[in-house]
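A.B. asks: This is target13.cif, which holds mmCIF, C-alpha atoms:
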data_entry
loop_
_atom_site.group_PDB
_atom_site.id
_atom_site.type_symbol
_atom_site.label_atom_id
_atom_site.label_comp_id
_atom_site.auth_asym_id
_atom_site.auth_seq_id
_atom_site.Cartn_x
_atom_site.Cartn_y
_atom_site.Cartn_z
ATOM 1 C CA MET A 16 0.000 0.000 0.000
ATOM 2 C CA CYS A 17 1.263 3.476 -0.869
ATOM 3 C CA ILE A 18 0.554 6.796 0.733
ATOM 4 C CA ARG A 19 0.853 10.119 -0.995
ATOM 5 C CA ASP A 20 2.538 13.086 0.664
ATOM 6 C CA SER A 21 4.682 16.065 -0.198
ATOM 7 C CA ILE A 22 8.008 17.477 0.937
ATOM 8 C CA LYS A 23 8.649 21.169 0.266
ATOM 9 C CA GLY A 24 5.705 21.198 -2.117
ATOM 10 C CA ARG A 25 6.961 18.252 -4.183
ATOM 11 C CA PRO A 26 4.608 15.256 -4.243
ATOM 12 C CA TYR A 27 5.886 11.755 -3.625
ATOM 13 C CA ARG A 28 4.540 8.292 -2.888
ATOM 14 C CA LYS A 29 5.780 6.142 -0.070
ATOM 15 C CA MET A 30 5.209 2.492 0.720
ATOM 16 C CA ALA A 31 3.273 2.120 3.970
ATOM 17 C CA GLU A 32 3.101 -1.669 4.119
ATOM 18 C CA VAL A 33 3.994 -4.780 2.192
ATOM 19 C CA VAL A 34 1.174 -7.287 1.797
ATOM 20 C CA GLU A 35 1.552 -10.886 0.614
ATOM 21 C CA ILE A 36 -1.237 -13.025 -0.734
ATOM 22 C CA ALA A 37 -0.977 -15.989 1.607
ATOM 23 C CA ASP A 38 -3.791 -18.154 0.287
ATOM 24 C CA VAL A 39 -7.361 -18.217 -0.942
ATOM 25 C CA ASP A 40 -10.074 -19.531 1.342
ATOM 26 C CA PRO A 41 -11.563 -22.448 -0.637
ATOM 27 C CA THR A 42 -15.024 -21.951 0.867
ATOM 28 C CA THR A 43 -15.468 -18.193 0.581
ATOM 29 C CA MET A 44 -12.878 -17.575 -2.169
ATOM 30 C CA GLU A 45 -11.657 -14.709 -0.001
ATOM 31 C CA ILE A 46 -8.020 -13.724 -0.446
ATOM 32 C CA LEU A 47 -6.048 -14.278 2.754
ATOM 33 C CA THR A 48 -3.212 -11.823 3.250
ATOM 34 C CA ASN A 49 -0.173 -11.425 5.463
ATOM 35 C CA LYS A 50 1.797 -8.258 6.253
ATOM 36 C CA PRO A 51 5.463 -9.250 6.672
ATOM 37 C CA PHE A 52 6.709 -5.646 6.766
ATOM 38 C CA LEU A 53 5.059 -2.600 8.294
ATOM 39 C CA TRP A 54 6.245 0.992 8.040
ATOM 40 C CA ASN A 55 6.889 2.719 11.355
ATOM 41 C CA PRO A 56 6.240 6.442 10.776
ATOM 42 C CA GLU A 57 8.105 7.406 13.964
ATOM 43 C CA THR A 58 11.386 5.880 12.766
ATOM 44 C CA ASN A 59 10.595 6.053 9.037
ATOM 45 C CA ASP A 60 11.677 2.429 8.713
ATOM 46 C CA PHE A 61 10.049 -0.818 7.722
ATOM 47 C CA GLU A 62 9.905 -3.403 10.487
ATOM 48 C CA TYR A 63 9.756 -7.124 9.870
ATOM 49 C CA THR A 64 6.766 -8.632 11.651
ATOM 50 C CA GLY A 65 8.504 -11.992 11.956
ATOM 51 C CA LYS A 66 6.350 -13.971 9.548
ATOM 52 C CA SER A 67 6.427 -14.173 5.778
ATOM 53 C CA LYS A 68 4.563 -16.717 3.694
ATOM 54 C CA VAL A 69 6.945 -16.016 0.795
ATOM 55 C CA PHE A 70 9.949 -16.763 3.040
ATOM 56 C CA GLU A 71 8.256 -19.971 4.250
ATOM 57 C CA ARG A 72 7.493 -21.095 0.686
ATOM 58 C CA PHE A 73 11.021 -20.253 -0.474
ATOM 59 C CA SER A 74 12.438 -22.240 2.451
ATOM 60 C CA ARG A 75 10.351 -25.303 1.588
ATOM 61 C CA MET A 76 11.239 -25.111 -2.117
ATOM 62 C CA THR A 77 15.003 -24.649 -1.662
ATOM 63 C CA GLY A 78 15.732 -26.447 1.601
ATOM 64 C CA ILE A 79 17.295 -23.262 3.005
ATOM 65 C CA SER A 80 16.070 -22.521 6.513
ATOM 66 C CA GLU A 81 13.941 -19.435 7.102
ATOM 67 C CA GLU A 82 16.617 -18.193 9.510
ATOM 68 C CA ALA A 83 19.330 -18.478 6.846
ATOM 69 C CA PHE A 84 17.076 -16.713 4.355
ATOM 70 C CA GLU A 85 16.410 -13.908 6.844
ATOM 71 C CA ASP A 86 20.166 -13.604 7.533
ATOM 72 C CA GLU A 87 20.813 -13.252 3.803
ATOM 73 C CA MET A 88 18.088 -10.628 3.523
ATOM 74 C CA ALA A 89 19.728 -8.728 6.420
ATOM 75 C CA ARG A 90 23.094 -8.805 4.593
ATOM 76 C CA ARG A 91 21.485 -7.503 1.429
ATOM 77 C CA THR A 92 19.712 -4.785 3.407
ATOM 78 C CA LYS A 93 23.072 -3.670 4.817
ATOM 79 C CA ILE A 94 24.478 -3.529 1.288
ATOM 80 C CA LEU A 95 21.558 -1.367 0.139
ATOM 81 C CA GLU A 96 21.997 0.916 3.161
ATOM 82 C CA TRP A 97 25.722 1.188 2.394
ATOM 83 C CA MET A 98 24.955 2.085 -1.233
ATOM 84 C CA LEU A 99 22.526 4.752 -0.048
ATOM 85 C CA SER A 100 25.088 6.190 2.395
ATOM 86 C CA LYS A 101 27.656 6.364 -0.420
ATOM 87 C CA GLY A 102 25.185 8.040 -2.787
ATOM 88 C CA ILE A 103 25.250 5.103 -5.193
ATOM 89 C CA ARG A 104 22.125 5.543 -7.307
ATOM 90 C CA ASP A 105 23.263 5.153 -10.897
ATOM 91 C CA TYR A 106 21.744 1.976 -12.313
ATOM 92 C CA LYS A 107 25.075 0.887 -13.804
ATOM 93 C CA GLU A 108 26.842 1.167 -10.446
ATOM 94 C CA VAL A 109 23.959 -0.608 -8.691
ATOM 95 C CA SER A 110 23.926 -3.450 -11.217
ATOM 96 C CA THR A 111 27.726 -3.816 -10.947
ATOM 97 C CA ILE A 112 27.463 -4.147 -7.163
ATOM 98 C CA ILE A 113 24.650 -6.710 -7.439
ATOM 99 C CA PHE A 114 26.551 -8.704 -10.069
ATOM 100 C CA THR A 115 29.733 -8.613 -7.967
ATOM 101 C CA TYR A 116 27.865 -9.717 -4.830
ATOM 102 C CA TYR A 117 26.366 -12.625 -6.734
ATOM 103 C CA ASN A 118 29.735 -13.756 -8.109
ATOM 104 C CA LYS A 119 32.243 -12.617 -5.470
ATOM 105 C CA PRO A 120 30.335 -11.687 -2.308
ATOM 106 C CA GLU A 121 33.577 -11.255 -0.351
ATOM 107 C CA ASP A 122 34.484 -8.189 -2.443
ATOM 108 C CA ILE A 123 31.243 -6.369 -1.641
ATOM 109 C CA LEU A 124 31.019 -7.531 1.969
ATOM 110 C CA GLU A 125 34.535 -6.235 2.590
ATOM 111 C CA LYS A 126 33.562 -2.806 1.265
ATOM 112 C CA VAL A 127 30.405 -2.735 3.366
ATOM 113 C CA PHE A 128 31.584 -4.334 6.616
ATOM 114 C CA GLY A 129 35.379 -4.121 6.490
ATOM 115 C CA ARG A 130 37.726 -7.097 6.199
ATOM 116 C CA VAL A 131 37.216 -8.722 9.637
ATOM 117 C CA GLN A 132 33.412 -8.500 9.684
ATOM 118 C CA ALA A 133 33.228 -9.551 6.022
ATOM 119 C CA ARG A 134 35.071 -12.772 6.828
ATOM 120 C CA ALA A 135 32.657 -13.467 9.692
ATOM 121 C CA GLU A 136 29.695 -12.827 7.372
ATOM 122 C CA LEU A 137 31.152 -15.185 4.762
ATOM 123 C CA ARG A 138 31.710 -17.912 7.380
ATOM 124 C CA GLU A 139 28.101 -17.529 8.510
ATOM 125 C CA LYS A 140 26.872 -17.564 4.911
ATOM 126 C CA ALA A 141 28.903 -20.741 4.208
ATOM 127 C CA SER A 142 27.571 -22.511 7.306
ATOM 128 C CA GLU A 143 24.003 -21.664 6.287
ATOM 129 C CA SER A 144 24.369 -23.308 2.893
ATOM 130 C CA VAL A 145 25.565 -26.625 4.346
#
Just give me the structure of the file as structure tokens.
C.D. replies:
Amino acid sequence: MCIRDSIKGRPYRKMAEVVEIADVDPTTMEILTNKPFLWNPETNDFEYTGKSKVFERFSRMTGISEEAFEDEMARRTKILEWMLSKGIRDYKEVSTIIFTYYNKPEDILEKVFGRVQARAELREKASESV
């Protein structure tokens, strides 16, 4: 769901919540939804509610635990926050970082976390895939 607002007279849209379609009730044909992320207007951040049907389904399909999936999402969130803090917005730079993370995650993690923390993140990532 989006909300519309303005800053200094300029209109913008902002996500207020993320809604998943969890299922369809076979009796009523009503769509059953789940809200895995909710926007907190006080902190201007999205907060994970702790339950995602998409995460659960992904876990079942791949054999990767929900916890490992959530850890990977946290790493990727940190990378996005780092890119934002560095002013990286050009689509070519963004795609290069994504491609590099996919192929050589240690290179990006080292830039984001520093060498020592990057190694710890890689060890954790490796243990999750076993």
A.B. asks: Can you tell me, as a PyMOL selection string, what residues are no more than 10 Å from range 63-80 of chain A when counting all atoms listed in the file, ignoring any on the same chain fewer than 3 positions away?
C.D. replies: chain A and resi 33-38+48-54+60+83-86+143-145
A.B. asks: What does the structure give for the distance between CA of Lys101 in chain A and CA of Asn59 in chain A, in Å to one decimal?
C.D. replies: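 CA of Lys101 in chain A sits 19.5 Å away from CA of Asn59 in chain A.
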A.B. asks: Counting all atoms listed in the file, note down every residue that has an atom within 12 Å of the point (19.8, -4.8, 4.1) (file coordinates), as an MDAnalysis selection string.
C.D. replies: chainID A and resid 60:63 85:99 124 127
A.B. asks: Please report the interatomic distance between CA of Phe114 in chain A and CA of Glu82 in chain A in Å with one decimal.
C.D. replies: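 Computed distance, CA of Phe114 in chain A to CA of Glu82 in chain A, equals 23.9 Å.
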A.B. asks: Between CA of Met30 in chain A and CA of Cys17 in chain A, measure the distance and give it in Å to one decimal.
C.D. replies: 4.4 Å
